[in-house]
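Asks: Sharing a structure here in structure tokens format.
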Amino acid sequence: EPAKKMMGARGFLESLINFNIDDMNDAIVDQLKPIISQADYNEKSVKKSNVAAAGLCVWVLSLVNVHEIMKVVRPRQAALNKALEEAKKSAKQLKETKDRMQKLQDKLDKLEADRIECVNKKKQLDDQFDDTTAKLDRAQKLIKLLAGEKTRWTQSSKDLSVKLRCLVGDVLLSAGFISYLGAFTQEYRQSMIENWKKFLKEHEIEFSEDYNLSNSMGKQERIREWLVNGLPADDFSIDNAVITANSERWPLFIDPQGQASNWIKRMEEDNERGFMLIKASDNTLVRTLEKGIQMGSTVVIEKLGEELDPALEPLLLKQIFKIGNMKSITIGDNPITYDDNFKLYMITSLSNPHYLPEVSTKVTLINFMITLQGLNDQLLGLVVRAEKAQLEQQKDELAVESVNNKNQLSKIEDDILTMLDETEDILADDAPVNMLSNAKRTADNINEQQEKAERILETIQETRDAYKPVAENGSNLFFVVAEMSNVDPMYQFSLAWYNELYCRCIEETKEGGDRIANLIDYFQHSLFTMVCRSFFEKDKLLFAFLMCIAIMKMKGEIVAEEWRFFLTGGLLVDPEKFARPDADWLSEQSFGELVNLTAIDSMSDLLQDVIDQPDEWKKLYIAPNPLDIELPGKWSSVTSFQKLIITRIFRLDFSVRAITKFIVENIGDRYVKPPLFNIEVSYRYASCERPLVFILSAGVDPMDTLQNFAQKELGEGAQVDTLSLGQGQGRIAAEKIARAVVRGNWVVLQNCHLSPSWMPTLETIVDTFQKGKTADTFRLWLTSMPSPDFPVSILQRSVKMTNEPPKGLKANMLSSWNNAPITNEDYFEGCDKPHEFRKLLFGLVFFHAIVQERRKFGPIGWNVQYEFNNSDLSISLQQLRYFLDEHNYVPFKTLTYLTGQCNYGGRVTDDHDRRTLMAILSDFYTESILDDSYVFTDDGVYRPPEYGNHETYNDYIEKLPSDTGTEVFGLHDNADITKNQNEAKSLFASALVTQQRSSSGGGLSWEEIISQQASDILEKLPELFDIEAASEKYPVRYGESMNTVLVQELLRYNKLIDVIKTTLSDVRKALSGEIVMSAELEKVANSIFDGTIPSVWADKSYPSLKPLGGYITDLLRRIEFFDNWLKEGNPTVFWLSGFFFTQSFLTGTKQNFARRYKIAIDTIEWEFEILNFRPSEPPKDGAYVEGLFLEGASWNHETMKLNDPEPKKLYDSMPIIWLKPIKSSDIKDYQHYVCPLYKTTARHGTLSTTGHSTNYVMSIKVPTDQDEKYWVKRGTAMICTV
């Protein structure tokens, strides 16, 4: 309690704090020792009882400890104080001593300073001497080091002076080049540069005479780096790279062969900030761009179309703004930070895209299509690498070493220039001299290495040059293959595929003999074989021909202007300036081509030779085989190609055979024997990442072939996952592929052309196929009709196949006879009327072959090319068996109706074709066929065999001739000529679309030819008809409908003349740069260049199949006809062919008759009288017409009836015909043929509401001694214009 009281007293704590430690003594400590020595007197123990007491305990213990310490410290403190007092006295003494010393030191310092000044003066003089000596030494070293550079620097100085003078002109040319010429070809770029040079000369602006973009704007070190990264080594590609590097706008590469894509990927894929590759169709496009922009990465957008995503707009326009100090750009709806290191490259694989002007102003369009020179270099590298791998590797190493050496030299030069720029006195230091000395030694070493490398490269190049013919041949043929896509959109082949084939052929070429010749021959034929498997039959000869021409062009054996003439018939030359040969056998077309040929120097006198000796040339015209006839006079020694031209002019029908012979003579008969369809061979070239594509043709289903092959390849019971595409099937197809990719199954997607909207998705799926990620046994099979919607990338990487139905009557019949249901024993043997059944069965198979093979004759066979197929035959065969079993007689009428009107007739849309179909069927579904003596042709070759088993009929068909002729089809031999001519025209047209339109080969450019042709046509065209004056002179009159007909015709011709004049004028303006060359104007220009009628004219024109020259001549004749009518009044004889809308003339004639005699017009019919004289007065009723031609028959002027045509005379002019309106009740019957009249030989047109083609005019009754069916099967018709 006392303790608590004491501790609780006021001031207790303060007394503890202020306790003076000096008050502690040993007596107090002794009193405390009994207490503090107790075992439990410590903070921890006391704290258990009282916290305050624990604090007091600690305080007491601390006082005791401090006291013990102070007992030691206090004596020492006293000693310290004493020492300090003594030190103070010593310091005072020291100061006094130092003051005395300082005075002495000051005197000493003054003396030392004087001495140093003298020494410094001496040293300065010594240093000046040494420095001057060193500078003299350095100067001597510099003079020695730079002595060898005097000549080079003197020349460089002169060159730089010239460049400085030409700087403005070169910069102008480069700016124009980079801004405007990226999208154009090398030839066009060069022509534009030449034009700009003329402009600069006119304005006295100097420029480098040897100007080129790579020298002006490109750095050689960077160009060498580009080349190492895969940039093609030709000037065109290097210029493209320079444009890419210097353009302010983002580049958009036109890159169908993947050259730019390969270069950009190799150059940018190691970008430290990232490299991103994305397709334009990917959903993640915007997100990828945002990421790339923020990170400063390189982004490549592939497979762009002709329209760009609107989300790219701010990026293309570089709409960059600042938020604070950060650059930003808005992509989508969100602003993001913009890194200046960001790069964007856009690539389209379209070969000829049409971008709107607003797109072209936002990007830099760069045409990266491969050039002949660039491909030459690539293929040369491939063949040398395969043949001399070590040599090519050494060349590559030397190329890399050369780049490194030159980069090092460039760096040394830059370092020296930097040092010289930063050093005020080059002689003041050894460093510049040492740097120059080291640089000189390094440069000398590098130059020595370069000289050595160049000597080695020369040796390597000599070896490489030996393989140049192989590379040149390969590069020329690539462009032939590439251009075939213009013939059919499915004929797509990539450069990667081509290079792969090229390398494989090099490996497979046998050793021995002339290695170079062997390489060329083996690759050439392998290419032909591989590519032909992807082509339809009609295009295989075309491809062989184009290959042959390309090879001969390379050898200088083809004159370009002759080649152009062969395809087009020549440029338009006015035929009125030339005399016509006295040869009635020479057609208007042949004469026109002879006239056009006068523009070609090498054959310009052929026309005169025909004029001089027409009988000699007639021998060629009438010869059964003109290819065996020796040409007259000097023409017997012309080149093989010039013989082709002569064959085209005089015997167009033999052109295809002449081409075949030409190919055989120049590259061998192997090229006219394309490989047969073989699914096994095609399968060998496929893989899990390379699909197989069946390009379908009408009447062919490859599924049976594929299923059989699957059983053979995968084993019995193998399942092929098959799906026919169509609406809503895309998702299912994707699921099937996804499963098969993992399991390694086969998937077949049929009829891809029916699902165009899903094709981009399929393309994306196929792009994911990769070895290692896709099962090796997986195969994707696709079938499609030719379609522009089929993805090009799939076609380029796939193995393509075509399998067409059998060609020829015999092959067709064999195919039908050896297929179900005829091969089914129950079907063939089980009929109740076996004799009748087998006769009619054979007749039906024969009929099926006839209607299918008749298509090859074109319009004279069928007006419309119907796709009669096996389903038509199959249902007809089933009906034949059924009705024979169901009746106790043969129901010919029923069978005829079902087969002719329903099964086959169900496809027929033209009324006259239906008539032809029924006429042909009547030869087979007839009572007469049951008679063993019945024959299908007069020569007895084609007849129904005698009763027998299936094999008997099969043997009979096998013995039929392969060359069927025309009689079996009911056609005249002239139909074969027409067929052959049509085949030749088709081949010429297909070949033409594969050709570049840069020039005619005769020295004139594309622009000059078009401008000249346009001027010639405009000069010939008259002014528009004055419709107002015509209406006044020929007013609308109740009794004369011809007035209205005339004015309406003039209006139609005015529209046509106006569109021709307008487009030609606009084309000329576009060529001179006054207006934009739109896509429509470009089509017009190309049509003029090709000698065809532009589509914009055809839309406003009457139907015409003539070439451009013939069309203009015909148009002028028509205008002249109506001009004479306008000036002189109604003609006595109307030129029916000259009417734009023939039906209005016919209706007007009927209307005049109806109004004159007050008869209802719908009760009036036509009667026809064919005259053998030319009337001098118009008829009282009706009208005289002329200008018609017979096809498939001729007119006998003596009997005034139809006759078979004369040999080789395809069209016979009809006499004047009197069209006589007559009341239906007054029509008299007589033996006649109802002959259809068509506007053109095409016969087909748009189906009108009358059931007739818009090409159809009317039917004319023509007297004949023959049964009408005879002329129906002949395809006899009248034509307005031939």
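Residue numbering restarts at 1 in every chain; chains get A, B, ... in the order shown in the structure tokens, and ligands count up from 1 in that same order.
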Based on DSSP run over this structure's backbone, return all residues of range 631-831 of chain A in strand (DSSP E), as a list in words.
Replies: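 Residues of range 631-831 of chain A classed as strand (DSSP E): Leu692, Val693, Phe694, Ile695, Val720, Asp721, Thr722, Leu723, Ser724, Trp746, Val747, Val748, Leu749, Gln750, Arg779, Leu780, Trp781, Leu782, Thr783, Ser784, Val799, Lys800, Met801 and Thr802 of chain A.
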Asks: What does the file look like for those residues with C-alpha atoms, as an mmCIF file, in the first residue's frame?
Replies:
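As written to disk, part.cif reads:
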```cif
data_model
loop_
_atom_site.group_PDB
_atom_site.id
_atom_site.type_symbol
_atom_site.label_atom_id
_atom_site.label_comp_id
_atom_site.auth_asym_id
_atom_site.auth_seq_id
_atom_site.Cartn_x
_atom_site.Cartn_y
_atom_site.Cartn_z
ATOM 1 C CA LEU A 692 -9.473 -32.942 -106.463
ATOM 2 C CA VAL A 693 -11.968 -31.081 -108.651
ATOM 3 C CA PHE A 694 -14.172 -32.629 -111.325
ATOM 4 C CA ILE A 695 -15.083 -29.956 -113.886
ATOM 5 C CA VAL A 720 -17.192 -42.003 -99.061
ATOM 6 C CA ASP A 721 -19.049 -39.156 -97.365
ATOM 7 C CA THR A 722 -21.048 -37.565 -100.185
ATOM 8 C CA LEU A 723 -23.183 -34.423 -100.174
ATOM 9 C CA SER A 724 -24.870 -32.537 -102.993
ATOM 10 C CA TRP A 746 -12.884 -38.936 -98.161
ATOM 11 C CA VAL A 747 -15.525 -36.238 -98.609
ATOM 12 C CA VAL A 748 -17.277 -35.535 -101.921
ATOM 13 C CA LEU A 749 -19.115 -32.239 -102.366
ATOM 14 C CA GLN A 750 -21.182 -32.351 -105.546
ATOM 15 C CA ARG A 779 -9.154 -36.281 -99.494
ATOM 16 C CA LEU A 780 -11.627 -33.616 -100.548
ATOM 17 C CA TRP A 781 -13.362 -34.232 -103.894
ATOM 18 C CA LEU A 782 -15.382 -31.440 -105.491
ATOM 19 C CA THR A 783 -17.588 -31.430 -108.586
ATOM 20 C CA SER A 784 -18.753 -28.304 -110.351
ATOM 21 C CA VAL A 799 -5.888 -31.362 -109.147
ATOM 22 C CA LYS A 800 -8.500 -30.735 -111.828
ATOM 23 C CA MET A 801 -10.145 -33.325 -114.086
ATOM 24 C CA THR A 802 -12.663 -33.339 -116.895
#
```
Asks: When you look at Ser526 in chain A with a cut-off of 10 Å (counting only C-alpha atoms), what residues show up, excluding the ones that are within fewer than 6 positions of it in the same chain? I need them as a short mmCIF file (atom, residue, chain, number, x, y, z; two decimals) with all heavy atoms, in the first residue's frame.
Replies:
```
data_model
loop_
_atom_site.label_atom_id
_atom_site.label_comp_id
_atom_site.auth_asym_id
_atom_site.auth_seq_id
_atom_site.Cartn_x
_atom_site.Cartn_y
_atom_site.Cartn_z
N LEU A 501 5.74 -28.45 -110.76
CA LEU A 501 5.77 -29.35 -111.92
C LEU A 501 7.11 -29.23 -112.65
O LEU A 501 7.70 -30.24 -113.07
CB LEU A 501 4.62 -29.00 -112.87
CG LEU A 501 4.59 -29.76 -114.20
CD1 LEU A 501 4.36 -31.25 -113.97
CD2 LEU A 501 3.51 -29.19 -115.13
N TYR A 502 7.59 -28.03 -112.79
CA TYR A 502 8.87 -27.76 -113.46
C TYR A 502 10.01 -28.50 -112.77
O TYR A 502 10.81 -29.19 -113.43
CB TYR A 502 9.10 -26.24 -113.44
CG TYR A 502 10.33 -25.73 -114.13
CD1 TYR A 502 10.39 -25.63 -115.52
CD2 TYR A 502 11.43 -25.30 -113.40
CE1 TYR A 502 11.53 -25.12 -116.15
CE2 TYR A 502 12.55 -24.79 -114.02
CZ TYR A 502 12.59 -24.70 -115.40
OH TYR A 502 13.71 -24.20 -116.01
N ARG A 504 9.73 -31.08 -110.71
CA ARG A 504 9.53 -32.53 -110.78
C ARG A 504 9.97 -33.08 -112.13
O ARG A 504 10.57 -34.16 -112.23
CB ARG A 504 8.06 -32.87 -110.52
CG ARG A 504 7.80 -34.36 -110.38
CD ARG A 504 6.44 -34.68 -109.82
NE ARG A 504 5.37 -34.27 -110.70
CZ ARG A 504 4.46 -33.35 -110.40
NH1 ARG A 504 4.50 -32.75 -109.23
NH2 ARG A 504 3.50 -33.04 -111.24
N CYS A 505 9.69 -32.34 -113.19
CA CYS A 505 10.08 -32.78 -114.53
C CYS A 505 11.60 -32.80 -114.68
O CYS A 505 12.14 -33.68 -115.36
CB CYS A 505 9.46 -31.86 -115.58
SG CYS A 505 7.68 -32.06 -115.75
N ILE A 520 13.90 -29.70 -122.01
CA ILE A 520 12.85 -28.92 -122.67
C ILE A 520 11.73 -29.83 -123.16
O ILE A 520 10.54 -29.59 -122.92
CB ILE A 520 13.44 -28.11 -123.84
CG1 ILE A 520 14.35 -27.00 -123.31
CG2 ILE A 520 12.33 -27.51 -124.71
CD1 ILE A 520 15.12 -26.26 -124.39
N CYS A 532 -3.83 -30.74 -119.86
CA CYS A 532 -4.95 -31.23 -120.68
C CYS A 532 -5.94 -32.05 -119.88
O CYS A 532 -7.11 -32.13 -120.24
CB CYS A 532 -4.43 -32.05 -121.87
SG CYS A 532 -3.94 -31.03 -123.26
#
```
Asks: Take CA of Lys44 in chain A and CA of Leu63 in chain A and report the distance between them in Å, one decimal.
Replies: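 Rounded to one decimal, the two atoms are 18.0 Å apart.
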Asks: What lies within 7 Å of Gly570 in chain A using only C-alpha atoms, ignoring chain neighbours under 3 positions off, as a PyMOL selection string?
Replies: chain A and resi 564-565+593+596-597
Asks: Give me, as number ranges by chain, all polymer residues having an atom no more than 9 Å from range 841-846 of chain A, counting only C-alpha atoms and skipping those fewer than 6 positions away in the same chain.
Replies: A: 809, 812-813, 816-817, 822, 873, 876-877, 880-881, 921, 923-925, 929, 943-945, 953
Asks: Could you pull out the alpha helix (DSSP H) residues of range 957-1076 of chain A, going by DSSP on the backbone, and write them as an MDAnalysis selection string?
Replies: chainID A and resid 957:958 973:993 1006:1020 1027:1033 1042:1071
Asks: I'd like the contact shell of Arg1118 in chain A - 9 Å cut-off, only C-alpha atoms, skipping same-chain residues fewer than 3 positions apart - returned as a ChimeraX atom specification.
Replies: /A:1113-1115,1121-1123,1135,1137-1140
Asks: Suppose we keep N, CA and C atoms; can you now write the selection as an mmCIF file, in the first residue's frame?
Replies:
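Below is the file that was written, part29.cif:
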```
data_model
loop_
_atom_site.group_PDB
_atom_site.id
_atom_site.type_symbol
_atom_site.label_atom_id
_atom_site.label_comp_id
_atom_site.auth_asym_id
_atom_site.auth_seq_id
_atom_site.Cartn_x
_atom_site.Cartn_y
_atom_site.Cartn_z
ATOM 1 N N THR A 1113 -19.791 -2.184 -142.842
ATOM 2 C CA THR A 1113 -20.185 -2.182 -144.253
ATOM 3 C C THR A 1113 -21.676 -2.442 -144.391
ATOM 4 N N ASP A 1114 -22.184 -3.422 -143.628
ATOM 5 C CA ASP A 1114 -23.610 -3.755 -143.665
ATOM 6 C C ASP A 1114 -24.447 -2.593 -143.155
ATOM 7 N N LEU A 1115 -23.991 -1.946 -142.095
ATOM 8 C CA LEU A 1115 -24.721 -0.808 -141.536
ATOM 9 C C LEU A 1115 -24.819 0.316 -142.560
ATOM 10 N N PHE A 1121 -29.948 2.301 -147.942
ATOM 11 C CA PHE A 1121 -31.273 1.835 -148.372
ATOM 12 C C PHE A 1121 -32.370 2.774 -147.865
ATOM 13 N N PHE A 1122 -32.305 3.108 -146.581
ATOM 14 C CA PHE A 1122 -33.349 3.964 -146.017
ATOM 15 C C PHE A 1122 -33.195 5.415 -146.480
ATOM 16 N N ASP A 1123 -31.976 5.834 -146.748
ATOM 17 C CA ASP A 1123 -31.762 7.175 -147.266
ATOM 18 C C ASP A 1123 -32.390 7.311 -148.665
ATOM 19 N N TRP A 1135 -35.662 -4.271 -149.464
ATOM 20 C CA TRP A 1135 -34.556 -5.113 -148.986
ATOM 21 C C TRP A 1135 -34.910 -5.542 -147.563
ATOM 22 N N SER A 1137 -33.749 -7.658 -145.526
ATOM 23 C CA SER A 1137 -32.648 -7.821 -144.566
ATOM 24 C C SER A 1137 -32.236 -6.495 -143.935
ATOM 25 N N GLY A 1138 -32.587 -5.383 -144.573
ATOM 26 C CA GLY A 1138 -32.144 -4.086 -144.081
ATOM 27 C C GLY A 1138 -32.986 -3.541 -142.954
ATOM 28 N N PHE A 1139 -34.137 -4.172 -142.681
ATOM 29 C CA PHE A 1139 -35.010 -3.653 -141.638
ATOM 30 C C PHE A 1139 -34.468 -3.967 -140.255
ATOM 31 N N PHE A 1140 -34.575 -2.974 -139.404
ATOM 32 C CA PHE A 1140 -34.174 -3.147 -138.020
ATOM 33 C C PHE A 1140 -35.168 -4.075 -137.323
#
```
Asks: Taking 6 positions as the minimum chain separation for residues in the same chain, which residues sit within 9 Å of range 1257-1271 of chain A when counting only C-alpha atoms? Answer as a PyMOL selection string.
Replies: chain A and resi 915-916+919-920+970-971+1142-1143+1166-1170+1192-1193+1200-1203+1230-1239+1277-1278
Asks: Once you have the residues from the selection above, write them out as a PDB file, in the first residue's frame, restricted to C-alpha atoms.
Replies:
```pdb
ATOM      1  CA  ARG A 915     -40.746 -30.129-135.595  1.00  0.00           C
ATOM      2  CA  THR A 916     -37.227 -31.393-136.300  1.00  0.00           C
ATOM      3  CA  ALA A 919     -39.322 -35.674-137.906  1.00  0.00           C
ATOM      4  CA  ILE A 920     -36.222 -37.524-136.734  1.00  0.00           C
ATOM      5  CA  GLY A 970     -30.476 -36.134-142.509  1.00  0.00           C
ATOM      6  CA  LEU A 971     -28.151 -33.249-143.319  1.00  0.00           C
ATOM      7  CA  THR A1142     -38.708  -6.752-139.690  1.00  0.00           C
ATOM      8  CA  GLN A1143     -42.046  -7.564-138.057  1.00  0.00           C
ATOM      9  CA  TRP A1166     -49.508 -14.790-146.174  1.00  0.00           C
ATOM     10  CA  GLU A1167     -49.250 -16.321-149.571  1.00  0.00           C
ATOM     11  CA  PHE A1168     -45.887 -16.385-151.311  1.00  0.00           C
ATOM     12  CA  GLU A1169     -44.869 -16.194-154.928  1.00  0.00           C
ATOM     13  CA  ILE A1170     -41.214 -16.561-155.875  1.00  0.00           C
ATOM     14  CA  GLY A1192     -29.459 -26.240-146.222  1.00  0.00           C
ATOM     15  CA  ALA A1193     -30.905 -26.049-149.724  1.00  0.00           C
ATOM     16  CA  MET A1200     -38.703 -22.903-159.408  1.00  0.00           C
ATOM     17  CA  LYS A1201     -38.448 -25.405-156.562  1.00  0.00           C
ATOM     18  CA  LEU A1202     -36.099 -26.337-153.757  1.00  0.00           C
ATOM     19  CA  ASN A1203     -33.026 -28.382-154.584  1.00  0.00           C
ATOM     20  CA  TYR A1230     -49.765 -27.150-152.941  1.00  0.00           C
ATOM     21  CA  GLN A1231     -46.722 -29.279-152.188  1.00  0.00           C
ATOM     22  CA  HIS A1232     -44.435 -27.028-150.223  1.00  0.00           C
ATOM     23  CA  TYR A1233     -42.010 -26.752-147.378  1.00  0.00           C
ATOM     24  CA  VAL A1234     -42.805 -24.298-144.599  1.00  0.00           C
ATOM     25  CA  CYS A1235     -39.394 -22.654-144.431  1.00  0.00           C
ATOM     26  CA  PRO A1236     -38.574 -20.555-141.337  1.00  0.00           C
ATOM     27  CA  LEU A1237     -36.915 -17.192-141.910  1.00  0.00           C
ATOM     28  CA  TYR A1238     -34.330 -16.028-139.381  1.00  0.00           C
ATOM     29  CA  LYS A1239     -32.463 -12.762-139.014  1.00  0.00           C
ATOM     30  CA  ALA A1277     -34.088 -22.191-143.479  1.00  0.00           C
ATOM     31  CA  MET A1278     -33.920 -18.720-144.975  1.00  0.00           C
TER      32      MET A1278
END
```
Asks: Which residue gives the smallest distance to Arg266 in chain A among A:Val58, A:Ala280, A:Leu172, A:Val228, with only C-alpha atoms counted?
Replies: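 The closest residue to Arg266 in chain A is A:Val228.
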